[in-house]
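Chemist: So here's coords-v8.pdb (PDB, C-alpha atoms).
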```pdb
ATOM      1  CA  MET A   1     -52.563 -30.503  12.568
ATOM      2  CA  SER A   2     -54.753 -27.673  11.346
ATOM      3  CA  ASP A   3     -57.472 -26.004  13.383
ATOM      4  CA  PRO A   4     -60.769 -27.908  12.820
ATOM      5  CA  ILE A   5     -62.680 -24.622  12.613
ATOM      6  CA  THR A   6     -60.628 -23.376   9.678
ATOM      7  CA  ALA A   7     -60.155 -26.784   8.042
ATOM      8  CA  CYS A   8     -63.373 -26.329   6.002
ATOM      9  CA  GLN A   9     -63.044 -22.617   5.225
ATOM     10  CA  PRO A  10     -63.072 -21.458   1.604
ATOM     11  CA  HIS A  11     -59.618 -20.888   0.149
ATOM     12  CA  GLU A  12     -57.673 -21.664  -2.999
ATOM     13  CA  PRO A  13     -57.747 -25.493  -3.197
ATOM     14  CA  ALA A  14     -54.423 -27.291  -2.935
ATOM     15  CA  ALA A  15     -53.733 -30.589  -4.690
ATOM     16  CA  THR A  16     -54.025 -32.357  -1.346
ATOM     17  CA  ASP A  17     -57.380 -30.810  -0.397
ATOM     18  CA  TRP A  18     -60.551 -32.885  -0.361
ATOM     19  CA  TYR A  19     -64.040 -31.890  -1.456
ATOM     20  CA  LEU A  20     -67.323 -33.073   0.058
ATOM     21  CA  ALA A  21     -70.161 -34.698  -1.838
ATOM     22  CA  TYR A  22     -73.558 -34.647  -0.136
ATOM     23  CA  THR A  23     -75.294 -37.891  -1.077
ATOM     24  CA  LYS A  24     -78.868 -38.991  -1.363
ATOM     25  CA  PRO A  25     -80.172 -40.773   1.774
ATOM     26  CA  ARG A  26     -78.294 -44.022   2.517
ATOM     27  CA  SER A  27     -76.390 -43.746  -0.783
ATOM     28  CA  GLU A  28     -72.871 -43.201   0.556
ATOM     29  CA  GLN A  29     -71.594 -46.593  -0.672
ATOM     30  CA  ALA A  30     -73.165 -46.247  -4.133
ATOM     31  CA  ALA A  31     -71.858 -42.693  -4.549
ATOM     32  CA  SER A  32     -68.376 -43.769  -3.407
ATOM     33  CA  ALA A  33     -68.306 -46.637  -5.903
ATOM     34  CA  GLN A  34     -69.448 -44.381  -8.755
ATOM     35  CA  LEU A  35     -66.908 -41.680  -7.919
ATOM     36  CA  ALA A  36     -64.117 -44.272  -7.746
ATOM     37  CA  ARG A  37     -65.179 -45.616 -11.181
ATOM     38  CA  GLN A  38     -64.851 -42.077 -12.542
ATOM     39  CA  GLY A  39     -61.255 -41.904 -11.299
ATOM     40  CA  TYR A  40     -61.699 -39.793  -8.165
ATOM     41  CA  ALA A  41     -59.893 -40.596  -4.937
ATOM     42  CA  ILE A  42     -62.630 -41.179  -2.355
ATOM     43  CA  TYR A  43     -62.809 -41.555   1.384
ATOM     44  CA  LEU A  44     -65.910 -42.722   3.215
ATOM     45  CA  PRO A  45     -65.058 -42.803   6.939
ATOM     46  CA  LEU A  46     -66.826 -45.666   8.696
ATOM     47  CA  TYR A  47     -67.739 -45.833  12.370
ATOM     48  CA  LYS A  48     -67.694 -49.163  14.218
ATOM     49  CA  THR A  49     -70.537 -49.503  16.732
ATOM     50  CA  LEU A  50     -72.413 -52.099  18.739
ATOM     51  CA  VAL A  51     -76.101 -52.527  17.904
ATOM     52  CA  ARG A  52     -78.794 -54.503  19.654
ATOM     53  CA  THR A  53     -80.201 -57.424  17.634
ATOM     54  CA  ALA A  54     -82.536 -60.281  18.531
ATOM     55  CA  GLU A  55     -79.494 -62.564  18.939
ATOM     56  CA  GLY A  56     -77.584 -60.113  21.114
ATOM     57  CA  MET A  57     -75.151 -57.298  20.485
ATOM     58  CA  ALA A  58     -73.469 -57.194  17.070
ATOM     59  CA  VAL A  59     -70.706 -55.058  15.553
ATOM     60  CA  ARG A  60     -71.828 -52.874  12.638
ATOM     61  CA  HIS A  61     -70.079 -50.322  10.474
ATOM     62  CA  GLY A  62     -71.865 -47.214   9.266
ATOM     63  CA  PRO A  63     -70.830 -43.864   7.855
ATOM     64  CA  MET A  64     -69.139 -41.625  10.405
ATOM     65  CA  PHE A  65     -70.834 -38.670   8.680
ATOM     66  CA  PRO A  66     -74.100 -39.890   7.145
ATOM     67  CA  ARG A  67     -74.703 -38.548   3.621
ATOM     68  CA  TYR A  68     -71.138 -37.205   3.163
ATOM     69  CA  VAL A  69     -68.297 -38.602   1.044
ATOM     70  CA  PHE A  70     -64.851 -37.015   0.768
ATOM     71  CA  PHE A  71     -63.385 -36.960  -2.740
ATOM     72  CA  ARG A  72     -60.628 -35.334  -4.755
ATOM     73  CA  PRO A  73     -59.555 -35.495  -8.393
ATOM     74  CA  GLY A  74     -57.494 -38.541  -9.260
ATOM     75  CA  SER A  75     -55.309 -36.575 -11.691
ATOM     76  CA  ALA A  76     -54.137 -32.967 -11.942
ATOM     77  CA  GLY A  77     -56.503 -31.907 -14.746
ATOM     78  CA  GLN A  78     -59.639 -33.746 -13.616
ATOM     79  CA  SER A  79     -62.661 -31.489 -13.085
ATOM     80  CA  ILE A  80     -65.043 -31.918 -10.174
ATOM     81  CA  ALA A  81     -68.027 -30.770 -12.289
ATOM     82  CA  PRO A  82     -69.199 -34.337 -13.191
ATOM     83  CA  VAL A  83     -69.597 -35.167  -9.477
ATOM     84  CA  ARG A  84     -72.897 -33.230  -9.373
ATOM     85  CA  SER A  85     -74.527 -35.698 -11.773
ATOM     86  CA  THR A  86     -72.982 -38.842 -10.302
ATOM     87  CA  LEU A  87     -75.389 -41.586  -9.261
ATOM     88  CA  GLY A  88     -76.066 -41.294  -5.514
ATOM     89  CA  VAL A  89     -74.743 -37.734  -5.199
ATOM     90  CA  SER A  90     -77.168 -34.925  -4.377
ATOM     91  CA  HIS A  91     -74.675 -32.054  -4.702
ATOM     92  CA  VAL A  92     -71.165 -30.841  -3.939
ATOM     93  CA  VAL A  93     -70.934 -28.931  -0.645
ATOM     94  CA  ARG A  94     -70.222 -25.245  -1.305
ATOM     95  CA  PHE A  95     -69.632 -21.958   0.448
ATOM     96  CA  GLY A  96     -71.635 -19.730  -1.882
ATOM     97  CA  ALA A  97     -70.310 -20.440  -5.375
ATOM     98  CA  THR A  98     -67.011 -21.916  -4.146
ATOM     99  CA  PRO A  99     -66.764 -25.665  -3.454
ATOM    100  CA  ALA A 100     -65.853 -26.324   0.176
ATOM    101  CA  THR A 101     -62.462 -27.912   0.696
ATOM    102  CA  VAL A 102     -61.223 -29.981   3.598
ATOM    103  CA  ASP A 103     -57.552 -29.939   4.525
ATOM    104  CA  ASP A 104     -55.671 -33.223   4.052
ATOM    105  CA  ALA A 105     -54.512 -33.070   7.698
ATOM    106  CA  LEU A 106     -58.128 -33.278   8.913
ATOM    107  CA  VAL A 107     -58.813 -36.285   6.664
ATOM    108  CA  ALA A 108     -55.624 -37.929   7.972
ATOM    109  CA  ALA A 109     -56.840 -37.353  11.561
ATOM    110  CA  LEU A 110     -60.208 -38.935  10.654
ATOM    111  CA  ARG A 111     -58.409 -41.941   9.173
ATOM    112  CA  GLY A 112     -56.413 -42.320  12.389
ATOM    113  CA  PHE A 113     -59.564 -42.156  14.525
ATOM    114  CA  GLU A 114     -61.315 -44.667  12.244
ATOM    115  CA  GLN A 115     -58.360 -47.072  12.482
ATOM    116  CA  GLN A 116     -58.231 -46.717  16.274
ATOM    117  CA  ARG A 117     -61.984 -47.394  16.556
ATOM    118  CA  GLU A 118     -61.671 -50.411  14.225
ATOM    119  CA  GLN A 119     -59.094 -52.010  16.532
ATOM    120  CA  ALA A 120     -61.301 -51.546  19.613
ATOM    121  CA  SER A 121     -62.849 -54.681  21.075
ATOM    122  CA  PRO A 122     -66.630 -54.982  21.472
ATOM    123  CA  ALA A 123     -66.151 -54.541  25.234
ATOM    124  CA  ASP A 124     -64.365 -51.226  24.605
ATOM    125  CA  LEU A 125     -67.235 -50.068  22.358
ATOM    126  CA  SER A 126     -69.914 -51.008  24.858
ATOM    127  CA  ALA A 127     -71.450 -48.315  27.029
ATOM    128  CA  LEU A 128     -72.239 -51.043  29.583
ATOM    129  CA  LYS A 129     -69.329 -50.630  31.965
ATOM    130  CA  ALA A 130     -69.138 -50.934  35.748
ATOM    131  CA  GLY A 131     -70.644 -47.910  37.472
ATOM    132  CA  ARG A 132     -72.890 -46.982  34.527
ATOM    133  CA  ARG A 133     -76.649 -46.462  35.043
ATOM    134  CA  VAL A 134     -78.782 -48.676  32.787
ATOM    135  CA  VAL A 135     -82.403 -49.543  32.135
ATOM    136  CA  VAL A 136     -83.656 -53.042  31.338
ATOM    137  CA  CYS A 137     -85.389 -52.788  27.951
ATOM    138  CA  ALA A 138     -86.650 -56.373  27.513
ATOM    139  CA  GLY A 139     -87.660 -59.396  29.533
ATOM    140  CA  PRO A 140     -89.517 -59.681  32.854
ATOM    141  CA  LEU A 141     -87.527 -56.829  34.459
ATOM    142  CA  LYS A 142     -88.305 -54.379  31.636
ATOM    143  CA  GLY A 143     -88.374 -50.762  32.793
ATOM    144  CA  LEU A 144     -86.243 -51.226  35.926
ATOM    145  CA  GLU A 145     -83.209 -49.016  36.300
ATOM    146  CA  GLY A 146     -79.996 -50.152  37.897
ATOM    147  CA  LEU A 147     -76.256 -49.832  38.142
ATOM    148  CA  VAL A 148     -73.806 -52.092  36.300
ATOM    149  CA  SER A 149     -71.621 -53.814  38.866
ATOM    150  CA  ALA A 150     -69.721 -56.264  36.621
ATOM    151  CA  THR A 151     -69.453 -57.474  33.031
ATOM    152  CA  ALA A 152     -68.630 -60.966  31.837
ATOM    153  CA  GLY A 153     -68.915 -61.466  28.109
ATOM    154  CA  LYS A 154     -72.545 -61.238  27.054
ATOM    155  CA  ARG A 155     -73.879 -61.240  30.639
ATOM    156  CA  ILE A 156     -73.934 -58.092  32.712
ATOM    157  CA  THR A 157     -74.424 -58.060  36.482
ATOM    158  CA  VAL A 158     -76.740 -55.212  37.419
ATOM    159  CA  LEU A 159     -77.616 -53.943  40.879
ATOM    160  CA  LEU A 160     -81.391 -53.396  40.790
ATOM    161  CA  ASP A 161     -83.748 -52.008  43.412
ATOM    162  CA  VAL A 162     -86.359 -54.800  43.599
ATOM    163  CA  LEU A 163     -89.065 -54.530  46.280
ATOM    164  CA  GLY A 164     -86.995 -52.002  48.222
ATOM    165  CA  ARG A 165     -83.857 -54.152  48.321
ATOM    166  CA  GLN A 166     -80.659 -53.984  46.304
ATOM    167  CA  THR A 167     -80.484 -57.199  44.274
ATOM    168  CA  ARG A 168     -77.740 -58.374  41.901
ATOM    169  CA  VAL A 169     -79.212 -59.730  38.676
ATOM    170  CA  SER A 170     -77.384 -61.180  35.669
ATOM    171  CA  VAL A 171     -78.935 -59.833  32.449
ATOM    172  CA  PRO A 172     -77.979 -60.480  28.781
ATOM    173  CA  ASP A 173     -76.250 -57.411  27.329
ATOM    174  CA  HIS A 174     -78.837 -56.983  24.555
ATOM    175  CA  GLN A 175     -81.581 -56.456  27.163
ATOM    176  CA  LEU A 176     -79.867 -53.379  28.648
ATOM    177  CA  GLN A 177     -79.582 -49.811  27.510
ATOM    178  CA  ALA A 178     -77.172 -47.292  28.993
ATOM    179  CA  LEU A 179     -78.742 -44.129  30.383
ATOM    180  CA  ALA A 180     -77.352 -40.705  29.571
ATOM    181  CA  ALA A 181     -74.706 -39.682  32.065
TER     182      ALA A 181
END
```
Rewrite the structure from the file as structure tokens, please.

Modeler:
Amino acid sequence: MSDPITACQPHEPAATDWYLAYTKPRSEQAASAQLARQGYAIYLPLYKTLVRTAEGMAVRHGPMFPRYVFFRPGSAGQSIAPVRSTLGVSHVVRFGATPATVDDALVAALRGFEQQREQASPADLSALKAGRRVVVCAGPLKGLEGLVSATAGKRITVLLDVLGRQTRVSVPDHQLQALAA
């Protein structure tokens, strides 16, 4: 695999190199669809995460790199010039006057990471693991900090300091937020 530092350096583009389109805000999907319609090969890496909703924690997919879409010509003679005026695209990322290229090996590594993350269970994605410091962000215990002692599905057992005593409390996962380590 190539060095990530040099993977985006300007050089003579190879047929396997990818270019980067910088999109308008929250327009990655629209730009990807338009580029695909124009015959470009596109890659929009998605990142699987857990988000807090009113019903509990839910799995969501969002761009791994917000506002960026990887693309390359679909055929040998296809120009990248029309990409600049594609719906949803702000501009093509450049180093000076030269379009930036990304090595195919780096894109392949991103695909592997994306696939690995996609296969992860919600429990694997959760930051609420035993031994992790958390804060209660909803309900009657809001604002209290504690330590996760066990997890069981959507209920998390937290060790809280209540009235000077260590107390085990079972809290729904969507009412907890992990603290920075």

Chemist: Could you state the separation of atom CA of Arg26 of chain A and atom CA of Asp124 of chain A in Å, given to one decimal place?

Modeler: 27.1 Å

Chemist: Since I can't run it myself right now, could you work out what the PyMOL selection byres ((chain A and resi 74) around 6) selects here and report it as an NGL selection string?

Modeler: :A and (39-41 or 73 or 75)

Chemist: Neighbours of Lys142 of chain A within 12 Å (only C-alpha atoms; same-chain residues fewer than 5 positions away dropped), as an MDAnalysis selection string?

Modeler: chainID A and resid 134:137 160 171 175:177

Chemist: Save out the residues we just selected, C-alpha atoms, as an mmCIF file, in the coordinates of the input.

Modeler:
```cif
data_model
loop_
_atom_site.group_PDB
_atom_site.id
_atom_site.type_symbol
_atom_site.label_atom_id
_atom_site.label_comp_id
_atom_site.auth_asym_id
_atom_site.auth_seq_id
_atom_site.Cartn_x
_atom_site.Cartn_y
_atom_site.Cartn_z
ATOM 1 C CA VAL A 134 -78.782 -48.676 32.787
ATOM 2 C CA VAL A 135 -82.403 -49.543 32.135
ATOM 3 C CA VAL A 136 -83.656 -53.042 31.338
ATOM 4 C CA CYS A 137 -85.389 -52.788 27.951
ATOM 5 C CA LEU A 160 -81.391 -53.396 40.790
ATOM 6 C CA VAL A 171 -78.935 -59.833 32.449
ATOM 7 C CA GLN A 175 -81.581 -56.456 27.163
ATOM 8 C CA LEU A 176 -79.867 -53.379 28.648
ATOM 9 C CA GLN A 177 -79.582 -49.811 27.510
#
```

Chemist: Running the PyMOL selection byres ((chain A and resi 85) around 12) on this model by hand, what would come out? Give it as a list in words.

Modeler: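 Given this file, the PyMOL selection byres ((chain A and resi 85) around 12) evaluates to Ala21, Tyr22, Thr23, Lys24, Ala31, Gln34, Leu35, Gln38, Ile80, Ala81, Pro82, Val83, Arg84, Thr86, Leu87, Gly88, Val89, Ser90, His91 and Val92 of chain A.
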
Chemist: Could the residues in this selection be saved with C-alpha atoms as a PDB file, keeping the file's coordinate frame?

Modeler:
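New file part.pdb:
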```
ATOM      1  CA  ALA A  21     -70.161 -34.698  -1.838  1.00  0.00           C
ATOM      2  CA  TYR A  22     -73.558 -34.647  -0.136  1.00  0.00           C
ATOM      3  CA  THR A  23     -75.294 -37.891  -1.077  1.00  0.00           C
ATOM      4  CA  LYS A  24     -78.868 -38.991  -1.363  1.00  0.00           C
ATOM      5  CA  ALA A  31     -71.858 -42.693  -4.549  1.00  0.00           C
ATOM      6  CA  GLN A  34     -69.448 -44.381  -8.755  1.00  0.00           C
ATOM      7  CA  LEU A  35     -66.908 -41.680  -7.919  1.00  0.00           C
ATOM      8  CA  GLN A  38     -64.851 -42.077 -12.542  1.00  0.00           C
ATOM      9  CA  ILE A  80     -65.043 -31.918 -10.174  1.00  0.00           C
ATOM     10  CA  ALA A  81     -68.027 -30.770 -12.289  1.00  0.00           C
ATOM     11  CA  PRO A  82     -69.199 -34.337 -13.191  1.00  0.00           C
ATOM     12  CA  VAL A  83     -69.597 -35.167  -9.477  1.00  0.00           C
ATOM     13  CA  ARG A  84     -72.897 -33.230  -9.373  1.00  0.00           C
ATOM     14  CA  THR A  86     -72.982 -38.842 -10.302  1.00  0.00           C
ATOM     15  CA  LEU A  87     -75.389 -41.586  -9.261  1.00  0.00           C
ATOM     16  CA  GLY A  88     -76.066 -41.294  -5.514  1.00  0.00           C
ATOM     17  CA  VAL A  89     -74.743 -37.734  -5.199  1.00  0.00           C
ATOM     18  CA  SER A  90     -77.168 -34.925  -4.377  1.00  0.00           C
ATOM     19  CA  HIS A  91     -74.675 -32.054  -4.702  1.00  0.00           C
ATOM     20  CA  VAL A  92     -71.165 -30.841  -3.939  1.00  0.00           C
TER      21      VAL A  92
END
```

Chemist: Quick one: apply the PyMOL selection byres ((chain A and resi 52-61) around 8) to the file and drop the selected residues here as a ChimeraX atom specification.

Modeler: /A:46-51,62-63,122,154,172-174

Chemist: Pick out the residues sitting within 8 Å of Leu20 of chain A, and hand them over as a VMD selection string; count only C-alpha atoms, and ignore anything fewer than 3 positions along from it in its own chain.

Modeler: chain A and resid 68 to 71 92 to 93 100 to 102
